[in-house]
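Chemist: Input: one structure, supplied below.
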Amino acid sequence: MTTLDTATVTFTCNGEAVTVRADHEHLLTALRDELGIMSPKDGCAPSGQCGCCTVLVGGKARVACQTSLEKVRGGEVVTLEGLPEDEVARYADAFAACGALQCGFCTPGIVVRAKALIDRKGAELTREEASRHLGAHLCRCTGYIKILDAIEALARDEVPAVIQPRGVGTRGVKYEGRDLSVGRRPFIDDMVPEGLLHGALRLSDHARADIVAIDTSSARAEPGVHAVYTGADVPGARRVGIIHKDWPVFIPVGGRTSYLGDVLAVVVADDRATARRAATLVEVTYEVHEPMVDPVRVVESSEPAVWELDGNVLSRSTYARGDVEAALAASAHTVDEVFQTQRIEHAFLEPESTLAVPTLAPDGATESLYVYSGGQGIWDDRDDIAAMLAVDTSGVTTELVSNGGAFGGKEDMSNQAHTALAAWLTGAPVKITLSREESLLMHPKRHPIRLHYRAGCDADGRLTAIWVRALGDSGPYASVGMKVLERAAGHATGPYLVDNVDVEAIAVRTNNPVCGAFRGFGANQAQFAMEGVLDRLAAKVGISGWDIRDRNVVRPGEVWGPGQIMDDGCLGARACLDAVKPAYDEAVAAGQPVGLGFGLKNSGLGNGFEEIARAVVHFRDDGMVEIRHCWTEMGQGVHTVALQVAVEELGIEPERIRVIVDSTRELGAGQTTGSRGTLMGAGSVADACRKAVADGCQTGVDYEGEYRVDWTNSLSDGLANPIIHSTFGYAAQLVVLDHESGEVARVVAVHDVGLAVNPLLCEGQIEGSVHMGLGYALTEGFPADETGRPLNDTLRSLDIIRPKDMPPVEVVLVESPQPDSPYGIKGVGEIGLVPTAGAVAAALHDHDGLWRNELPMRNEANRERASGWQ
């Protein structure tokens, strides 16, 4: 009788017999940690809900983090690394050429699934069947439309040619798109330097509690553990933050936690499993206090919700024009409504990961640190890390590793400081990658906001007055919460003209999850309410949704919102309305339930902030050209924009260009946020290229370019006609429902982008935004209970729309140039979901006659806890 070896497992992997330890939690860790096979990605292990780790087991697509080693003992496992090179190239070509990826983190798993489907069905594979089988996969970027295009092309053996983008305005594949598609461009968690140690975080058990004691002895005694660090080990600044330095790196003994994502300790060990196991052994003694989680009560309370911070009002944004009360009294029609939006999780597929590599002095002490970050502002990361370590910024270099999605959720540091501290103190490379559960707890979310609107119009439907009071739950730490509520205030009147306005928006600190930047940045919350107000007024007047928008749309030379006089850039608003009208009229004539949403979204920070973006063009001896800029590539395509601008201005082939983002040059412009990467990145790269051309493109010279926006004004400046933002994008979206089921049947998305630098990428951004906007409108949410604990702790519970439920989206690009902007560019990253919820609400009302005031409109379990807002 043969004795089964229980210490190891042998199977065939990519055509070779391999033997691995049997103590791996699942197949994925064996592949990645022991065999070094990195195309299967870890997005949620071991829950198996994202599909990023899909591999072939016995020829069938299987989620590796849900597959035990016993299930593959003696069997065959194939990953993308084991496929024939020509087959890998074919899949890479199809996905890149169709624009079927953005960040690329989820794509290798989808490619494996596509191969399994095509091997089984061939040309008979239908789009509908493919969408059903993709139900095991999440893609937060694309909206699945172009993914299904690529799978159809592969099944029919009609793979389109891969075309490199040329200059500005041309269509072409994403920078690094082929390698990303098949898992060949590494993310941070794929990087394994020699001598690597792993870190794991010990988070708080209570949202508001004093830390009486932290006992690390059991964790330190665990075999394989090298060190355990707490707040007592921080040599420098104890708090970090984008705007206010109010976010503790650790809550020390004697401190008080303010939400469940607070970090108490970091464990450093030989491997991730040991570090995470030991982190659970860190024993904490608490004195628990009642968490302050009801925004409507916390805002009035004199008791501070947050440790060492006075007052619970983070910010108050106000402006007023005209006499609102008199105008409302004289209005032919008025509405008075309260709207409630929900907290939302970004659900980027790549959990936060940081790698820090020290350089040691001859005496063995750490003298400098190289940090690989996926954050949205690597110069901010560098500065905060240096301050925490009490070293000069020259001692810390940060390099961007293009991340696996962000949408605003990677602006604040997550584990960068903890990783840097661990590497600095141990003198060894350290990597910390958050589990999905840790990620859900730690990083900021979309703000839930209660919006009270009073509005009026005349007998013809022209707006007379808008009065708004908004309250947003920002969680304990500032992040950019004050700016989100400021943006909600500024966009509260939507893309419409109204003479009498009175707006106040308050951000309140609570012990709920932190809220910060998220695609739309307050504009979508406010405009969900504004669109609902407009549709109710249209019903009272007896005109259509299109007609009331037509009568109130912004025009050049007229005063908008906070008092800004609009320039010719706003001609795009009219162009969007006109472009959507044929589809709107056709749907109405066919008797289909329809809803129209209309919106605007700024590009850039504005509000008086001096924005300066820099870029460097460097010609190398080997003929390559380095383009260095200051923006984070997170799927939106800013690296591709930089490449296309360089091709446009230098007249060189795209294959000669390498795009780099690191802090070796002082180029930082803050966070990649506010739909400004394309606008300001294009401007700074173009300026650098023109300087290079003027000097003959000398080898070895850094040609530095700059683009600045330093002419905007703050709401608090008190000007009658402030320039709040330099640039706006506009969008009109039509949502058409199935008459019988009431489900969304199709979406027409008309977007003014100023100039589409790359139409293929622009379409993908809009399709992905619509997918996210439909989830925001109908199903998604991240509610917390009375203790501040989120009710959702898995990706599935977020209720993100899956491929089979995603309707067709027709994208119409409008190019109405922004005066004085580089190439006429306007942002496209955020505007894509601003009109969506309003359009869905209007369509549902057309279907069943019910007005909707609260999001999400269908999955009530994902709404905010009502008692916190009443």
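Quick note on naming: the chains in the structure tokens go A, B, ... in the order shown, residues restart at 1 in each chain, and ligands are numbered from 1 in order of appearance.
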Against range 240-250 of chain A, which residues of range 491-567 of chain A fall within 12 Å? For each one I want the closest pair of atoms and the distance in Å (one decimal), counting only C-alpha atoms, rows by chain and increasing residue number, as a tab-separated table.
Modeler:
```
residue	atom	partner	partner_atom	distance
A:Arg509	CA	A:Asp246	CA	11.8
A:Val514	CA	A:Trp247	CA	10.2
A:Gly516	CA	A:Ile242	CA	10.4
A:Ala517	CA	A:Ile242	CA	11.0
```
Chemist: With all heavy atoms retained, export the selected residues as a PDB file, in the first residue's frame.
Modeler:
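Once everything was written out, this is again-v2.pdb:
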```
ATOM      1  N   ARG A 509     -17.888  65.118  11.581  1.00  0.00           N
ATOM      2  CA  ARG A 509     -17.039  64.005  12.007  1.00  0.00           C
ATOM      3  C   ARG A 509     -17.866  63.045  12.860  1.00  0.00           C
ATOM      4  O   ARG A 509     -18.565  63.468  13.786  1.00  0.00           O
ATOM      5  CB  ARG A 509     -15.864  64.514  12.836  1.00  0.00           C
ATOM      6  CG  ARG A 509     -14.865  65.401  12.094  1.00  0.00           C
ATOM      7  CD  ARG A 509     -13.716  65.718  13.017  1.00  0.00           C
ATOM      8  NE  ARG A 509     -12.795  66.713  12.514  1.00  0.00           N
ATOM      9  CZ  ARG A 509     -11.665  66.439  11.858  1.00  0.00           C
ATOM     10  NH1 ARG A 509     -11.355  65.185  11.601  1.00  0.00           N
ATOM     11  NH2 ARG A 509     -10.862  67.417  11.475  1.00  0.00           N
ATOM     12  N   VAL A 514     -14.468  56.261   7.599  1.00  0.00           N
ATOM     13  CA  VAL A 514     -14.005  57.514   7.001  1.00  0.00           C
ATOM     14  C   VAL A 514     -14.580  57.662   5.598  1.00  0.00           C
ATOM     15  O   VAL A 514     -14.701  56.686   4.857  1.00  0.00           O
ATOM     16  CB  VAL A 514     -12.467  57.541   6.925  1.00  0.00           C
ATOM     17  CG1 VAL A 514     -11.979  58.863   6.318  1.00  0.00           C
ATOM     18  CG2 VAL A 514     -11.854  57.343   8.297  1.00  0.00           C
ATOM     19  N   GLY A 516     -14.208  60.065   1.965  1.00  0.00           N
ATOM     20  CA  GLY A 516     -13.304  60.976   1.283  1.00  0.00           C
ATOM     21  C   GLY A 516     -13.624  61.060  -0.194  1.00  0.00           C
ATOM     22  O   GLY A 516     -14.774  61.205  -0.582  1.00  0.00           O
ATOM     23  N   ALA A 517     -12.600  60.940  -1.020  1.00  0.00           N
ATOM     24  CA  ALA A 517     -12.777  61.086  -2.463  1.00  0.00           C
ATOM     25  C   ALA A 517     -13.379  59.818  -3.060  1.00  0.00           C
ATOM     26  O   ALA A 517     -13.017  58.711  -2.693  1.00  0.00           O
ATOM     27  CB  ALA A 517     -11.437  61.383  -3.122  1.00  0.00           C
TER      28      ALA A 517
END
```
Chemist: So that I can check the secondary structure, give me every residue of range 84-277 of chain A assigned strand (DSSP E or B) by backbone DSSP, as a ChimeraX atom specification.
Modeler: /A:197-203,209-215,225-230,239-240,247-248,256,263-269
Chemist: Atoms to include: C-alpha atoms. Write the selected residues as a compact mmCIF listing (two decimals), in the first residue's frame.
Modeler:
```
# COMPACT_ATOMS: atom_id res chain seq x y z
CA LEU A 197 9.46 40.14 4.91
CA HIS A 198 5.70 40.53 5.19
CA GLY A 199 3.69 42.77 7.46
CA ALA A 200 0.17 42.54 8.81
CA LEU A 201 -1.89 45.08 10.71
CA ARG A 202 -3.76 44.72 13.99
CA LEU A 203 -6.91 46.83 13.72
CA ALA A 209 -12.41 53.10 22.88
CA ASP A 210 -9.45 54.11 25.01
CA ILE A 211 -6.37 51.92 24.57
CA VAL A 212 -5.41 50.89 28.09
CA ALA A 213 -2.70 48.38 27.14
CA ILE A 214 -1.23 46.57 24.13
CA ASP A 215 0.47 43.24 24.85
CA VAL A 225 7.89 36.72 13.59
CA HIS A 226 10.70 39.29 13.39
CA ALA A 227 9.13 42.29 15.10
CA VAL A 228 5.94 43.92 16.33
CA TYR A 229 5.67 47.71 16.22
CA THR A 230 3.16 50.08 17.81
CA ARG A 239 -0.44 61.78 12.20
CA VAL A 240 -0.73 62.04 8.42
CA TRP A 247 -5.13 60.73 10.80
CA PRO A 248 -3.06 58.71 13.35
CA ARG A 256 -8.54 56.58 21.74
CA VAL A 263 -4.28 50.59 13.41
CA LEU A 264 -2.88 49.48 16.77
CA ALA A 265 0.15 47.42 15.73
CA VAL A 266 2.04 45.98 12.77
CA VAL A 267 3.57 42.50 12.83
CA VAL A 268 6.57 41.66 10.60
CA ALA A 269 7.21 38.02 9.76
```
Chemist: When you look at range 144-159 of chain A with a cut-off of 10 Å (counting only C-alpha atoms), what residues show up, excluding the ones that are within fewer than 5 positions of it in the same chain? I need them as a PyMOL selection string.
Modeler: chain A and resi 90-101+107+110-111+113-115+117-119+121-128+130-131+134+137-139+760+763-764+767-768+771+802-804+806-809
Chemist: Do you know which residues are at most 9 Å from Arg536 in chain A counting only C-alpha atoms, after dropping those on the same chain fewer than 3 positions away, and could you put them as a list of chain:residue names?
Modeler: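 Residues meeting the cut-off are A:Thr334, A:Val335, A:Glu531, A:Gly532, A:Val533, A:Ala539, A:Lys540, A:Val541, A:Trp851.
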Chemist: Keeping only all heavy atoms, write the selected residues as a short mmCIF file (atom, residue, chain, number, x, y, z; two decimals), in the first residue's frame.
Modeler:
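Okay, this is what ended up in out.cif:
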```
data_model
loop_
_atom_site.label_atom_id
_atom_site.label_comp_id
_atom_site.auth_asym_id
_atom_site.auth_seq_id
_atom_site.Cartn_x
_atom_site.Cartn_y
_atom_site.Cartn_z
N THR A 334 -43.68 75.14 -6.68
CA THR A 334 -42.57 74.89 -5.76
C THR A 334 -42.54 73.42 -5.36
O THR A 334 -43.55 72.72 -5.44
CB THR A 334 -42.68 75.75 -4.48
OG1 THR A 334 -43.91 75.42 -3.81
CG2 THR A 334 -42.62 77.23 -4.80
N VAL A 335 -41.37 72.99 -4.94
CA VAL A 335 -41.21 71.65 -4.36
C VAL A 335 -40.38 71.78 -3.10
O VAL A 335 -39.55 72.68 -2.97
CB VAL A 335 -40.56 70.65 -5.34
CG1 VAL A 335 -41.43 70.40 -6.55
CG2 VAL A 335 -39.17 71.11 -5.75
N GLU A 531 -31.70 66.83 -9.91
CA GLU A 531 -32.46 66.26 -11.03
C GLU A 531 -33.85 65.83 -10.58
O GLU A 531 -34.84 65.99 -11.31
CB GLU A 531 -31.70 65.08 -11.64
CG GLU A 531 -30.42 65.46 -12.36
CD GLU A 531 -30.66 66.39 -13.52
OE1 GLU A 531 -31.01 65.92 -14.62
OE2 GLU A 531 -30.53 67.63 -13.33
N GLY A 532 -33.94 65.29 -9.36
CA GLY A 532 -35.26 64.92 -8.84
C GLY A 532 -36.15 66.12 -8.66
O GLY A 532 -37.36 66.07 -8.94
N VAL A 533 -35.58 67.23 -8.19
CA VAL A 533 -36.34 68.47 -8.05
C VAL A 533 -36.85 68.95 -9.40
O VAL A 533 -38.03 69.34 -9.56
CB VAL A 533 -35.45 69.55 -7.38
CG1 VAL A 533 -36.03 70.94 -7.58
CG2 VAL A 533 -35.28 69.25 -5.90
N ALA A 539 -43.22 68.03 -13.92
CA ALA A 539 -44.53 67.40 -13.82
C ALA A 539 -45.60 68.42 -13.43
O ALA A 539 -46.74 68.37 -13.93
CB ALA A 539 -44.48 66.26 -12.81
N LYS A 540 -45.25 69.35 -12.55
CA LYS A 540 -46.22 70.37 -12.14
C LYS A 540 -46.53 71.34 -13.27
O LYS A 540 -47.68 71.79 -13.43
CB LYS A 540 -45.71 71.12 -10.91
CG LYS A 540 -45.65 70.27 -9.65
CD LYS A 540 -45.40 71.11 -8.41
CE LYS A 540 -45.51 70.25 -7.15
NZ LYS A 540 -45.55 71.04 -5.91
N VAL A 541 -45.49 71.66 -14.04
CA VAL A 541 -45.70 72.58 -15.17
C VAL A 541 -46.44 71.88 -16.31
O VAL A 541 -47.18 72.52 -17.06
CB VAL A 541 -44.35 73.14 -15.66
CG1 VAL A 541 -44.52 74.01 -16.89
CG2 VAL A 541 -43.66 73.93 -14.55
N TRP A 851 -42.22 58.63 -7.07
CA TRP A 851 -41.00 59.40 -6.95
C TRP A 851 -40.04 58.72 -5.98
O TRP A 851 -40.47 58.17 -4.97
CB TRP A 851 -41.28 60.82 -6.45
CG TRP A 851 -42.08 61.68 -7.39
CD1 TRP A 851 -43.34 62.16 -7.18
CD2 TRP A 851 -41.67 62.18 -8.66
NE1 TRP A 851 -43.75 62.92 -8.25
CE2 TRP A 851 -42.74 62.95 -9.19
CE3 TRP A 851 -40.50 62.05 -9.42
CZ2 TRP A 851 -42.67 63.59 -10.41
CZ3 TRP A 851 -40.44 62.69 -10.65
CH2 TRP A 851 -41.51 63.45 -11.14
#
```
Chemist: What does the distance from CA of Lys174 in chain A to CA of Val401 in chain A come to in Å, to one decimal?
Modeler: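 CA of Lys174 in chain A sits 16.0 Å away from CA of Val401 in chain A.
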Chemist: For Pro783 in chain A, find every residue with an atom within 8 Å (counting only C-alpha atoms), except residues of its own chain fewer than 6 positions away, and show them as a tab-separated table (two decimals) with all heavy atoms, in the first residue's frame.
Modeler:
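around-v6.tsv, freshly written:
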```tsv
chain	number	residue	atom	x	y	z
A	342	GLN	N	-26.28	57.30	-0.04
A	342	GLN	CA	-25.70	56.28	0.81
A	342	GLN	C	-24.17	56.29	0.75
A	342	GLN	O	-23.57	56.81	-0.18
A	342	GLN	CB	-26.24	54.90	0.42
A	342	GLN	CG	-25.61	54.25	-0.82
A	342	GLN	CD	-26.15	54.77	-2.13
A	342	GLN	OE1	-26.37	55.96	-2.32
A	342	GLN	NE2	-26.34	53.86	-3.08
A	343	ARG	N	-23.58	55.68	1.76
A	343	ARG	CA	-22.13	55.43	1.75
A	343	ARG	C	-21.86	54.32	0.73
A	343	ARG	O	-22.61	53.35	0.62
A	343	ARG	CB	-21.67	55.00	3.14
A	343	ARG	CG	-20.19	54.81	3.28
A	343	ARG	CD	-19.80	54.43	4.71
A	343	ARG	NE	-19.72	55.62	5.57
A	343	ARG	CZ	-20.67	55.98	6.44
A	343	ARG	NH1	-21.77	55.24	6.56
A	343	ARG	NH2	-20.55	57.06	7.18
A	790	PRO	N	-19.34	48.33	9.72
A	790	PRO	CA	-20.01	48.11	8.44
A	790	PRO	C	-20.78	46.80	8.42
A	790	PRO	O	-20.33	45.79	8.97
A	790	PRO	CB	-18.84	48.08	7.45
A	790	PRO	CG	-17.74	48.83	8.13
A	790	PRO	CD	-17.90	48.53	9.59
A	791	LEU	N	-21.93	46.82	7.79
A	791	LEU	CA	-22.76	45.62	7.68
A	791	LEU	C	-22.29	44.72	6.54
A	791	LEU	O	-22.63	43.54	6.50
A	791	LEU	CB	-24.22	46.01	7.47
A	791	LEU	CG	-24.86	46.80	8.62
A	791	LEU	CD1	-26.30	47.16	8.28
A	791	LEU	CD2	-24.80	46.03	9.92
A	792	ASN	N	-21.55	45.28	5.59
A	792	ASN	CA	-21.04	44.50	4.46
A	792	ASN	C	-19.55	44.24	4.65
A	792	ASN	O	-18.77	45.19	4.82
A	792	ASN	CB	-21.26	45.26	3.15
A	792	ASN	CG	-22.73	45.39	2.81
A	792	ASN	OD1	-23.54	44.55	3.22
A	792	ASN	ND2	-23.09	46.41	2.07
A	862	ASN	N	-29.06	48.06	1.59
A	862	ASN	CA	-27.83	48.83	1.44
A	862	ASN	C	-28.05	50.33	1.62
A	862	ASN	O	-27.15	51.13	1.32
A	862	ASN	CB	-27.18	48.55	0.09
A	862	ASN	CG	-26.27	47.34	0.14
A	862	ASN	OD1	-25.84	46.93	1.22
A	862	ASN	ND2	-25.97	46.76	-1.01
A	863	ARG	N	-29.22	50.72	2.13
A	863	ARG	CA	-29.44	52.13	2.44
A	863	ARG	C	-28.83	52.48	3.80
A	863	ARG	O	-28.50	51.61	4.60
A	863	ARG	CB	-30.95	52.42	2.47
A	863	ARG	CG	-31.59	52.36	1.10
A	863	ARG	CD	-33.09	52.65	1.17
A	863	ARG	NE	-33.68	52.66	-0.16
A	863	ARG	CZ	-34.98	52.84	-0.39
A	863	ARG	NH1	-35.82	53.01	0.64
A	863	ARG	NH2	-35.43	52.85	-1.64
A	864	GLU	N	-28.72	53.76	4.04
A	864	GLU	CA	-28.23	54.23	5.33
A	864	GLU	C	-29.19	53.84	6.45
A	864	GLU	O	-30.41	53.71	6.24
A	864	GLU	CB	-28.07	55.75	5.31
A	864	GLU	CG	-26.87	56.22	4.50
A	864	GLU	CD	-25.57	55.77	5.10
A	864	GLU	OE1	-25.16	56.31	6.16
A	864	GLU	OE2	-24.94	54.85	4.53
A	865	ARG	N	-28.63	53.65	7.64
A	865	ARG	CA	-29.46	53.38	8.81
A	865	ARG	C	-30.32	54.62	9.10
A	865	ARG	O	-29.81	55.69	9.41
A	865	ARG	CB	-28.55	53.06	10.01
A	865	ARG	CG	-29.27	52.76	11.31
A	865	ARG	CD	-28.28	52.28	12.36
A	865	ARG	NE	-27.15	53.18	12.49
A	865	ARG	CZ	-27.16	54.29	13.25
A	865	ARG	NH1	-28.23	54.62	13.94
A	865	ARG	NH2	-26.09	55.05	13.31
```
Chemist: With only C-alpha atoms as the basis for distance, which of A:Leu778, A:Ala237, A:Val112, A:Met772 is at the shortest distance from Asp383 in chain A?
Modeler: A:Ala237
Chemist: So which one's closest to Leu434 in chain A, A:Ala749, A:Thr54, A:Arg519, A:Gly43? Using only C-alpha atoms, please.
Modeler: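 With only C-alpha atoms as the atom set, the closest residue is A:Gly43.
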Chemist: Excluding Glu399 in chain A and its own-chain neighbours fewer than 3 positions away, which residues fall within 9 Å of it when counting only C-alpha atoms? Please give them as a JSON list (two decimals) with N, CA, C and O atoms, in the first residue's frame.
Modeler:
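Output file around_37.json is given in full below:
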```
[["chain", "number", "residue", "atom", "x", "y", "z"],
["A", 370, "TYR", "N", 13.28, 53.17, -0.32],
["A", 370, "TYR", "CA", 12.63, 53.24, -1.62],
["A", 370, "TYR", "C", 11.27, 52.57, -1.47],
["A", 370, "TYR", "O", 11.19, 51.38, -1.13],
["A", 371, "VAL", "N", 10.22, 53.33, -1.70],
["A", 371, "VAL", "CA", 8.86, 52.85, -1.43],
["A", 371, "VAL", "C", 8.08, 52.75, -2.72],
["A", 371, "VAL", "O", 7.94, 53.74, -3.46],
["A", 372, "TYR", "N", 7.58, 51.57, -3.01],
["A", 372, "TYR", "CA", 6.71, 51.35, -4.16],
["A", 372, "TYR", "C", 5.26, 51.51, -3.68],
["A", 372, "TYR", "O", 4.79, 50.77, -2.83],
["A", 373, "SER", "N", 4.58, 52.51, -4.24],
["A", 373, "SER", "CA", 3.24, 52.86, -3.78],
["A", 373, "SER", "C", 2.25, 52.83, -4.93],
["A", 373, "SER", "O", 2.59, 53.18, -6.06],
["A", 374, "GLY", "N", 1.05, 52.42, -4.62],
["A", 374, "GLY", "CA", -0.04, 52.51, -5.59],
["A", 374, "GLY", "C", -0.98, 53.66, -5.28],
["A", 374, "GLY", "O", -2.10, 53.72, -5.79],
["A", 378, "ILE", "N", 2.02, 60.19, -5.01],
["A", 378, "ILE", "CA", 3.22, 59.59, -4.41],
["A", 378, "ILE", "C", 4.13, 60.64, -3.78],
["A", 378, "ILE", "O", 4.93, 60.29, -2.91],
["A", 660, "ILE", "N", 7.20, 57.22, -16.85],
["A", 660, "ILE", "CA", 7.70, 56.94, -15.49],
["A", 660, "ILE", "C", 7.11, 57.96, -14.53],
["A", 660, "ILE", "O", 7.03, 59.15, -14.84],
["A", 661, "VAL", "N", 6.71, 57.48, -13.36],
["A", 661, "VAL", "CA", 6.28, 58.37, -12.28],
["A", 661, "VAL", "C", 7.02, 57.96, -11.01],
["A", 661, "VAL", "O", 6.78, 56.87, -10.47],
["A", 662, "ASP", "N", 7.97, 58.78, -10.58],
["A", 662, "ASP", "CA", 8.63, 58.58, -9.29],
["A", 662, "ASP", "C", 9.05, 59.93, -8.74],
["A", 662, "ASP", "O", 8.96, 60.95, -9.43],
["A", 663, "SER", "N", 9.48, 59.93, -7.50],
["A", 663, "SER", "CA", 9.76, 61.20, -6.83],
["A", 663, "SER", "C", 11.21, 61.64, -6.96],
["A", 663, "SER", "O", 11.69, 62.47, -6.19],
["A", 664, "THR", "N", 11.94, 61.09, -7.94],
["A", 664, "THR", "CA", 13.32, 61.53, -8.15],
["A", 664, "THR", "C", 13.38, 62.94, -8.72],
["A", 664, "THR", "O", 14.43, 63.58, -8.69]]
```
Chemist: Got a sec: who's within 8 Å of Lys41 in chain A, counting only C-alpha atoms, leaving out chain neighbours fewer than 4 positions off, as a PyMOL selection string?
Modeler: chain A and resi 52-53+105-106+108-109
Chemist: Write the residues of the preceding selection, restricted to N, CA, C and O atoms, as a short mmCIF file (atom, residue, chain, number, x, y, z; two decimals), in the first residue's frame.
Modeler:
```cif
data_model
loop_
_atom_site.label_atom_id
_atom_site.label_comp_id
_atom_site.auth_asym_id
_atom_site.auth_seq_id
_atom_site.Cartn_x
_atom_site.Cartn_y
_atom_site.Cartn_z
N CYS A 52 -10.47 37.15 -9.84
CA CYS A 52 -9.15 37.58 -10.32
C CYS A 52 -8.14 36.45 -10.32
O CYS A 52 -7.12 36.53 -11.01
N CYS A 53 -8.38 35.39 -9.56
CA CYS A 53 -7.41 34.29 -9.44
C CYS A 53 -7.83 33.07 -10.25
O CYS A 53 -7.38 31.95 -9.98
N PHE A 105 -6.14 44.66 -13.40
CA PHE A 105 -5.95 43.70 -12.31
C PHE A 105 -6.86 42.49 -12.46
O PHE A 105 -6.44 41.36 -12.20
N CYS A 106 -8.08 42.71 -12.88
CA CYS A 106 -9.04 41.61 -13.01
C CYS A 106 -8.88 40.86 -14.32
O CYS A 106 -9.41 39.75 -14.48
N PRO A 108 -6.47 39.22 -16.26
CA PRO A 108 -5.96 37.86 -16.49
C PRO A 108 -6.95 36.76 -16.10
O PRO A 108 -7.07 35.76 -16.82
N GLY A 109 -7.65 36.95 -14.99
CA GLY A 109 -8.65 35.96 -14.60
C GLY A 109 -9.77 35.86 -15.61
O GLY A 109 -10.28 34.76 -15.91
#
```
Chemist: Determine the nearest neighbour of Val88 in chain A from the options A:Asp738, A:Asp179, A:Glu411, A:Glu25, counting only C-alpha atoms.
Modeler: A:Asp179
Chemist: Which one is closest to Pro40 in chain A: A:Glu350, A:Asp271, A:Asp717, A:Asp380? Count only C-alpha atoms.
Modeler: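 That would be A:Glu350, the residue with the smallest distance to Pro40 in chain A.
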Chemist: Ranking A:Gly824, A:Gly668, A:Gly104, A:Gly15 by minimum distance to Val78 in chain A and counting only C-alpha atoms, which one comes first?
Modeler: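 Among the listed residues, A:Gly15 lies closest to Val78 in chain A.
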